[in-house]
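Note: the block below is model-v2.txt and it holds compact mmCIF, C-alpha atoms.
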```
# COMPACT_ATOMS: atom_id res chain seq x y z
CA MET A 123 1.44 118.25 72.38
CA VAL A 124 3.83 120.98 73.59
CA GLU A 125 5.02 120.50 77.13
CA GLY A 126 4.79 123.53 79.38
CA LYS A 127 7.71 124.86 81.34
CA ILE A 128 8.34 123.15 84.65
CA LYS A 129 7.75 125.66 87.42
CA LYS A 130 10.87 126.14 89.55
CA THR A 131 10.81 126.57 93.29
CA SER A 132 12.23 129.65 94.96
CA GLU A 133 15.32 127.76 96.13
CA GLU A 134 15.88 126.24 92.68
CA ILE A 135 15.91 129.69 91.08
CA LYS A 136 18.33 131.00 93.71
CA ASP A 137 20.61 128.00 93.28
CA ALA A 138 20.51 128.38 89.50
CA ILE A 139 21.51 132.05 89.74
CA LEU A 140 24.37 131.33 92.17
CA SER A 141 25.55 128.45 90.02
CA ASP A 142 25.54 130.65 86.93
CA LEU A 143 27.57 133.34 88.71
CA LYS A 144 30.35 130.84 89.47
CA ASP A 145 31.69 131.70 86.02
CA GLY A 146 32.09 135.35 87.01
CA PRO A 147 30.03 138.55 87.06
CA LYS A 148 27.13 138.80 84.62
CA THR A 149 24.40 141.20 83.58
CA ILE A 150 20.84 140.52 84.65
CA THR A 151 20.01 139.72 81.01
CA GLU A 152 22.77 137.10 80.79
CA ILE A 153 21.60 135.51 84.04
CA SER A 154 17.99 135.42 82.81
CA GLU A 155 19.01 133.60 79.64
CA SER A 156 21.17 131.11 81.53
CA VAL A 157 18.59 130.16 84.15
CA ASN A 158 15.70 130.32 81.67
CA SER A 159 13.62 132.80 83.66
CA ASN A 160 12.40 136.27 82.70
CA TRP A 161 14.46 139.22 83.90
CA VAL A 162 11.70 140.52 86.22
CA THR A 163 11.69 137.23 88.16
CA VAL A 164 15.48 137.05 88.16
CA GLY A 165 15.64 140.66 89.35
CA GLU A 166 13.39 139.85 92.31
CA TYR A 167 15.56 136.90 93.33
CA LEU A 168 18.77 138.87 92.89
CA LYS A 169 17.34 141.45 95.29
CA LYS A 170 16.69 138.68 97.82
CA LEU A 171 20.18 137.25 97.30
CA LYS A 172 21.64 140.72 97.88
CA GLU A 173 19.75 140.98 101.16
CA GLU A 174 21.08 137.55 102.12
CA LYS A 175 24.61 138.75 101.22
CA GLU A 176 25.00 136.03 98.61
CA VAL A 177 25.51 138.43 95.69
CA LEU A 178 26.77 141.96 95.10
CA GLU A 179 25.51 144.44 92.53
CA ILE A 180 28.72 145.83 91.02
CA VAL A 181 27.21 147.87 88.18
CA SER A 182 23.94 149.71 88.52
CA SER A 183 22.84 151.99 85.70
CA PRO A 184 19.68 152.49 83.62
CA LYS A 185 21.33 150.54 80.80
CA MET A 186 23.09 147.78 82.70
CA LYS A 187 22.98 145.91 86.00
CA VAL A 188 25.81 143.50 86.79
CA TYR A 189 26.04 141.05 89.68
CA ARG A 190 28.67 138.77 91.17
CA ARG A 191 28.79 136.29 94.00
CA THR A 192 30.16 137.61 97.30
CA ASP A 193 32.43 134.55 97.48
CA ASP A 194 33.74 134.97 93.92
CA LEU A 195 37.30 133.59 93.99
CA ALA A 196 38.65 136.02 91.39
CA PHE A 197 40.32 139.01 93.02
CA TYR A 198 37.90 141.97 92.86
CA GLY A 199 35.45 139.61 91.12
CA LEU A 200 37.06 140.39 87.77
CA PRO A 201 35.42 138.79 84.71
CA PHE A 202 38.20 136.39 83.77
CA SER A 203 37.20 133.70 81.28
CA LYS A 204 35.75 130.42 82.48
CA LYS A 205 38.92 128.60 81.35
CA ILE A 206 41.23 130.90 83.31
CA ARG A 207 39.01 130.53 86.37
CA GLU A 208 38.79 126.75 86.18
CA ASP A 209 42.46 126.12 85.36
CA THR A 210 43.77 128.57 87.93
CA PHE A 211 41.66 127.24 90.78
CA SER A 212 42.41 123.64 89.76
CA LEU A 213 46.14 124.33 90.01
CA LEU A 214 45.75 125.96 93.44
CA CYS A 215 43.71 122.97 94.64
CA LEU A 216 46.31 120.55 93.28
CA ILE A 217 49.10 122.35 95.15
CA ALA A 218 47.10 122.26 98.39
CA ARG A 219 46.32 118.55 97.96
CA LEU A 220 49.91 117.60 97.13
CA TRP A 221 51.11 119.72 100.05
CA ARG A 222 48.97 117.65 102.44
CA GLU A 223 50.11 114.38 100.85
CA LYS A 224 53.83 115.21 100.72
CA THR A 225 54.19 116.94 104.09
CA GLY A 226 51.49 115.35 106.23
CA GLN A 227 50.56 118.87 107.28
CA ASN A 228 47.40 120.90 106.90
CA ASN A 229 47.17 123.40 104.05
CA PRO A 230 49.83 126.12 104.15
CA SER A 231 48.86 129.79 104.14
CA ARG A 232 47.24 131.12 100.99
CA THR A 233 50.35 133.25 100.46
CA ILE A 234 52.58 130.19 100.24
CA ILE A 235 50.15 128.39 97.90
CA GLN A 236 50.27 131.44 95.60
CA LYS A 237 54.06 131.71 95.71
CA VAL A 238 54.46 128.00 94.89
CA ALA A 239 51.97 128.36 92.02
CA VAL A 240 53.80 131.37 90.54
CA GLU A 241 57.20 129.70 90.71
CA PHE A 242 55.79 126.47 89.26
CA ILE A 243 54.28 128.28 86.27
CA GLU A 244 57.52 130.20 85.68
CA GLU A 245 59.53 126.96 85.78
CA SER A 246 57.22 125.40 83.17
CA ASN A 247 58.81 127.57 80.46
CA GLY A 248 55.47 128.39 78.88
CA ASP A 249 53.98 124.88 79.02
CA ILE A 250 51.53 126.13 81.66
CA SER A 251 49.99 129.43 80.62
CA LEU A 252 48.03 131.12 83.40
CA PRO A 253 47.95 134.81 84.40
CA ILE A 254 50.58 135.91 86.90
CA LEU A 255 49.74 139.33 88.29
CA ASN A 256 51.43 141.87 90.55
CA PHE A 257 49.40 142.54 93.69
CA HIS A 258 49.82 143.83 97.25
CA TYR A 259 52.36 141.21 98.38
CA GLY A 260 54.04 140.43 95.10
CA GLN A 261 53.07 138.10 92.29
CA THR A 262 49.92 136.03 92.50
CA LEU A 263 47.48 134.18 90.28
CA ALA A 264 44.11 135.60 89.23
CA LEU A 265 42.11 133.70 91.87
CA ARG A 266 42.47 133.06 95.56
CA TYR A 267 42.43 129.57 97.05
CA ASP A 268 39.49 128.58 99.25
CA GLU A 269 39.42 125.05 100.60
CA LYS A 270 35.63 124.98 100.91
CA PHE A 271 35.41 124.84 97.09
CA GLU A 272 38.16 122.25 96.64
CA ASN A 273 35.71 119.39 96.03
CA GLU A 274 34.31 121.33 93.05
CA CYS A 275 37.59 121.87 91.19
CA LYS A 276 38.56 119.88 88.13
CA ASP A 277 41.69 117.76 87.78
CA PHE A 278 44.79 119.65 86.70
CA LYS A 279 46.78 117.28 84.48
CA LEU A 280 50.55 117.22 84.91
CA THR A 281 53.32 115.35 83.13
CA GLU A 282 55.69 113.26 85.26
CA LYS A 283 58.32 115.95 84.89
CA GLN A 284 55.89 118.62 86.08
CA LYS A 285 54.85 116.47 89.06
CA GLU A 286 58.50 116.13 90.02
CA SER A 287 59.03 119.88 89.68
CA LEU A 288 55.99 120.66 91.85
CA SER A 289 57.05 118.12 94.50
CA LYS A 290 60.48 119.80 94.71
CA LEU A 291 58.86 123.20 95.18
CA ILE A 292 56.64 121.90 97.97
CA LYS A 293 59.73 120.45 99.67
CA LYS A 294 61.48 123.81 99.28
CA TYR A 295 58.63 125.79 100.86
CA GLU A 296 57.63 123.16 103.44
CA ASN A 297 59.07 124.90 106.51
CA TRP A 298 58.90 128.47 105.28
CA SER A 299 56.76 131.24 106.72
CA ALA A 300 54.60 133.41 104.47
CA GLY A 301 57.05 136.26 105.06
CA ARG A 302 60.02 134.22 103.90
CA SER A 303 58.16 133.07 100.78
CA GLN A 304 57.47 136.72 99.93
CA LYS A 305 61.12 137.71 100.39
CA GLU A 306 62.20 134.81 98.19
CA GLN A 307 59.94 136.09 95.41
CA TYR A 308 61.10 139.70 95.88
CA SER A 309 64.71 138.63 95.30
CA LYS A 310 63.93 137.80 91.65
CA HIS A 311 64.87 140.09 88.80
CA GLY A 312 61.96 142.40 88.04
CA MET A 313 60.73 142.50 91.65
CA GLU A 314 63.00 145.36 92.80
CA PHE A 315 60.02 147.63 93.52
CA TYR A 316 58.67 145.11 96.05
CA LYS A 317 62.08 144.33 97.53
CA THR A 318 62.71 148.04 98.11
CA LYS A 319 59.29 148.40 99.75
CA GLU A 320 60.25 145.70 102.28
CA GLU A 321 63.55 147.47 102.94
CA LEU A 322 61.69 150.76 103.45
CA LEU A 323 59.37 149.15 106.00
CA SER A 324 62.41 147.79 107.85
CA ALA A 325 63.97 151.27 107.84
CA PHE A 326 60.75 152.70 109.26
CA THR A 327 60.77 150.04 112.00
CA ILE A 328 64.24 150.96 113.26
CA ASN A 329 63.74 154.65 112.41
CA ASN A 330 66.86 154.85 110.26
CA GLU A 331 66.20 158.25 108.71
CA GLU A 332 68.89 158.27 106.05
CA GLU A 333 67.89 154.74 105.01
CA ILE A 334 64.25 155.83 104.80
CA ILE A 335 65.13 158.65 102.40
CA GLN A 336 67.38 156.36 100.38
CA LYS A 337 64.67 153.69 100.02
CA ILE A 338 62.00 156.22 99.05
CA LEU A 339 64.30 157.58 96.36
CA GLU A 340 64.96 154.00 95.28
CA LEU A 341 61.23 153.39 95.00
CA SER A 342 60.99 156.44 92.74
CA VAL A 343 63.60 154.87 90.45
CA TYR A 344 61.77 151.54 90.33
CA TYR A 345 58.25 153.00 90.17
CA PRO A 346 56.48 151.33 87.20
CA SER A 347 55.99 154.07 84.61
CA GLU A 348 52.76 152.49 83.35
CA LEU A 349 50.98 153.11 86.66
CA ILE A 350 49.95 156.64 85.81
CA GLU A 351 46.76 156.70 87.89
CA THR A 352 48.67 156.56 91.18
CA TYR A 353 51.89 158.37 90.27
CA GLU A 354 50.73 161.72 91.66
CA LEU A 355 50.17 160.10 95.06
CA PHE A 356 53.68 158.70 95.10
CA ASP A 357 55.17 162.01 93.93
CA LYS A 358 53.53 163.90 96.81
CA PHE A 359 54.63 161.21 99.23
CA GLU A 360 58.23 161.54 98.08
CA TYR A 361 58.07 165.34 98.45
CA CYS A 362 56.68 165.11 101.99
CA SER A 363 59.23 162.45 102.97
CA ILE A 364 62.27 164.45 101.96
CA ASN A 365 61.03 167.56 103.78
CA ILE A 366 60.02 165.66 106.92
CA LEU A 367 63.32 163.87 107.26
CA ASN A 368 65.14 167.19 107.10
CA ILE A 369 63.21 168.84 109.95
CA LYS A 370 65.73 170.05 112.51
CA LYS A 371 63.85 169.13 115.71
CA GLU A 372 64.21 165.41 116.38
CA ASP A 373 60.92 165.02 118.28
CA THR A 374 58.96 166.74 115.50
CA ARG A 375 60.76 164.68 112.89
CA LYS A 376 59.92 161.40 114.64
CA GLU A 377 56.26 162.36 115.04
CA TYR A 378 55.91 163.15 111.34
CA THR A 379 57.89 160.04 110.33
CA GLN A 380 55.36 157.81 112.10
CA LYS A 381 52.54 159.50 110.17
CA LEU A 382 54.54 159.06 106.98
CA LYS A 383 54.73 155.31 107.59
CA GLU A 384 50.96 155.08 108.10
CA ILE A 385 50.26 157.04 104.91
CA PHE A 386 52.66 154.85 102.95
CA SER A 387 50.59 151.74 103.69
CA LEU A 388 47.55 153.41 102.07
CA ILE A 389 49.60 154.58 99.10
CA TRP A 390 51.05 151.10 98.62
CA ASP A 391 47.53 149.67 98.61
CA ALA A 392 46.52 152.11 95.84
CA ILE A 393 49.67 151.58 93.75
CA THR A 394 49.54 147.78 93.86
CA THR A 395 45.82 147.79 93.08
CA ASN A 396 46.65 149.93 90.04
CA SER A 397 49.34 147.38 89.12
CA PHE A 398 46.95 144.44 89.46
CA PHE A 399 44.40 145.96 87.10
CA TYR A 400 47.10 146.97 84.62
CA GLU A 401 48.37 143.38 84.48
CA ALA A 402 44.87 141.82 84.44
CA GLU A 403 43.58 143.84 81.49
CA ARG A 404 45.50 141.83 78.91
CA TYR A 405 43.61 138.69 79.95
CA MET A 406 40.13 140.14 79.45
CA GLU A 407 38.03 138.89 76.57
CA GLU A 408 36.74 141.61 74.26
CA ASN A 409 33.11 141.30 75.37
CA LYS A 410 34.14 141.74 79.02
CA LYS A 411 36.37 144.80 78.64
CA GLU A 412 33.62 147.36 79.27
CA LEU A 413 32.72 145.64 82.54
CA PHE A 414 36.39 145.29 83.46
CA ASN A 415 36.99 149.00 82.90
CA TYR A 416 33.98 149.92 85.01
CA ILE A 417 35.27 147.80 87.91
CA LYS A 418 38.79 149.14 87.42
CA VAL A 419 37.76 152.79 87.56
CA ASN A 420 35.56 152.25 90.62
CA ILE A 421 38.14 150.30 92.60
CA ILE A 422 41.19 152.43 91.77
CA ASN A 423 39.31 155.70 92.37
CA SER A 424 38.14 154.32 95.71
CA LYS A 425 41.71 153.44 96.73
CA ILE A 426 42.97 156.87 95.68
CA SER A 427 40.17 158.66 97.52
CA ASN A 428 41.10 156.72 100.69
CA VAL A 429 44.52 158.34 100.83
CA SER A 430 44.44 161.48 98.69
CA PRO A 431 42.72 163.83 101.22
CA ILE A 432 44.97 162.54 104.02
CA LEU A 433 48.07 163.07 101.91
CA ASP A 434 46.93 166.54 100.78
CA ASP A 435 46.32 167.61 104.39
CA PHE A 436 49.69 166.19 105.38
CA LYS A 437 51.45 168.05 102.57
CA SER A 438 49.74 171.30 103.61
CA GLU A 439 50.92 170.72 107.16
CA ILE A 440 54.49 170.15 106.00
CA ASP A 441 54.37 173.23 103.77
CA SER A 442 53.31 175.33 106.77
CA ILE A 443 56.49 174.53 108.71
CA PRO A 444 58.71 177.63 108.79
CA LEU A 445 61.71 177.35 106.48
CA GLY A 446 64.04 177.94 109.40
CA GLU A 447 62.95 174.66 110.98
CA ILE A 448 63.97 172.59 107.93
CA ASN A 449 67.55 172.05 106.87
CA THR A 450 68.24 174.13 103.77
CA ASN A 451 70.36 171.36 102.21
CA THR A 452 67.27 169.19 101.66
CA SER A 453 67.49 169.08 97.87
CA GLU A 454 71.28 168.74 97.81
CA LYS A 455 71.18 165.84 100.24
CA SER A 456 68.50 164.14 98.14
CA LYS A 457 70.53 164.65 94.97
CA GLU A 458 73.58 163.16 96.66
CA LEU A 459 71.65 160.10 97.85
CA LEU A 460 70.02 159.65 94.44
CA SER A 461 73.37 159.95 92.68
CA ARG A 462 74.88 157.30 94.98
CA LEU A 463 71.86 155.09 94.36
CA LEU A 464 71.96 155.39 90.58
CA ASN A 465 75.69 154.75 90.49
CA GLY A 466 75.14 151.58 92.46
CA LEU A 467 72.42 150.18 90.17
```

This entry written out as structure tokens:
Amino acid sequence: MVEGKIKKTSEEIKDAILSDLKDGPKTITEISESVNSNWVTVGEYLKKLKEEKEVLEIVSSPKMKVYRRTDDLAFYGLPFSKKIREDTFSLLCLIARLWREKTGQNNPSRTIIQKVAVEFIEESNGDISLPILNFHYGQTLALRYDEKFENECKDFKLTEKQKESLSKLIKKYENWSAGRSQKEQYSKHGMEFYKTKEELLSAFTINNEEEIIQKILELSVYYPSELIETYELFDKFEYCSINILNIKKEDTRKEYTQKLKEIFSLIWDAITTNSFFYEAERYMEENKKELFNYIKVNIINSKISNVSPILDDFKSEIDSIPLGEINTNTSEKSKELLSRLLNGL
């Protein structure tokens, strides 16, 4: 006698779908196969889960529908492999747990947990192989830490030497702020782009105009050549900056400089998003690359569209300023600053 399928309750189907999506975004067909329900039924429950804000539909086309959990721990819900997801989150949980044990404090900020994780992996000399990616505030792992999932993470096995190394790092960071942990990371070789960004923000804060120009020119030197999607934004920003900071009237110059600072934050968001996807691509399995590229194009284009019209309008405004109101030695001054910069590198 062949046993019939056991009918699942509504909540059981929802739970099965959410459990399946813990491994990352999936097509409706993949979900159907995993939870052993037909795609029509799964589609109905995915619609309900969307309404309940439990899942997001990240690809919607006649050929493919892809969903992810709203609380997916991978940045941008990227389809990293199950191993990368499990190992990365396990390490973050281990750091948080050891932090509480060693310091007697509550969990540190997520920024500090990430910075400790990055430095720990780098100190392992290849023994621990997990993605380290450039993001908005420097280097990070592929997933964020969330304490509400800590009881679900697997053990991350360490040797005695690795335990000692991690304990030393926790001691090092114990009384640091998130800001200090970022600056520590930016001081490393290869992080000059981020270090210069921090120096530019400081120059904006004290309105040191020559320093602002110098740091923007420095950023142009350190700009990662592989980030082609966002280079045009940065190029226009540099053009506007040099012209603004050579406006003769001080009040006008200050007004435009404040706008320049606001626009830079949007540009930085776009550039570092571009960087994150560039770094993440190498960790994508072949069968997930099409989905990865779809997410990449959508997210980066969205970031660019957030700032591009604002920057274009700003450039038009700068171009409309009469030549007599801008110092004619703009390009020469820039060349001089750039020459001094390059000679100092």

Enclose stretch 258-273 of chain A, meaning all of its atoms listed in the file, in a box aligned along x, y and z, pad it by 5 Å on each side, and list the centre and edge lengths in Å to one decimal, as AutoDock Vina command-line options.
```
--center_x 44.7 --center_y 131.6 --center_z 95.1 --size_x 28.6 --size_y 34.4 --size_z 21.7
```

Just want the 9 Å neighbourhood of A:Phe359, counted on all atoms listed in the file, with same-chain residues fewer than 6 positions away dropped. Output as a list in words. Ile338, Leu382, Ile385, Phe386, Ile389, Leu433 and Lys437 of chain A

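Comparing the minimum interatomic distances between A:Glu208 and each of A:Arg232, A:Arg266, A:Lys283, A:Lys169, counting only C-alpha atoms, we find that A:Arg266 sits nearest.
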
Distance criterion (only C-alpha atoms): nearest to A:Tyr353 out of A:Ile369, A:Leu413, A:Leu291, A:Ile426: A:Ile426

My list of candidates is A:Ser182, A:Asn423, A:Ser363, A:Ser251. Which is closest to A:Gln336 when distances are computed with all atoms listed in the file? A:Ser363

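Distance annotation: of A:Arg375, A:His258, A:Lys279, A:Lys175, the residue with the minimal separation from A:Leu216 is A:Lys279; atom set is only C-alpha atoms.
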
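What separates atom CA of A:Ile180 from atom CA of A:Thr210 is a distance of 23.1 Å.
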
If you count all atoms listed in the file, the residue of A:Ser438, A:Gln284, A:Gln261, A:Asn428 closest to A:Lys310 turns out to be A:Gln261

Measure the distance from atom CA of A:Lys337 to atom CA of A:Thr318 in Å and round it to one decimal. 6.3 Å

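When all atoms listed in the file are used to measure the gap to A:Ile443, the shortest distance among A:Leu263, A:Ile328, A:Cys362, A:Val240 belongs to A:Cys362.
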
Just give me the residues with any atom within 12 Å of (44.2, 136.2, 84.5), file coordinates, counting only C-alpha atoms, written as number ranges by chain. A: 196-211, 251-256, 261-266, 398-407

Length of the atom CA of A:Ser212 to atom CA of A:Ile417 vector [Å]: 25.3 Å
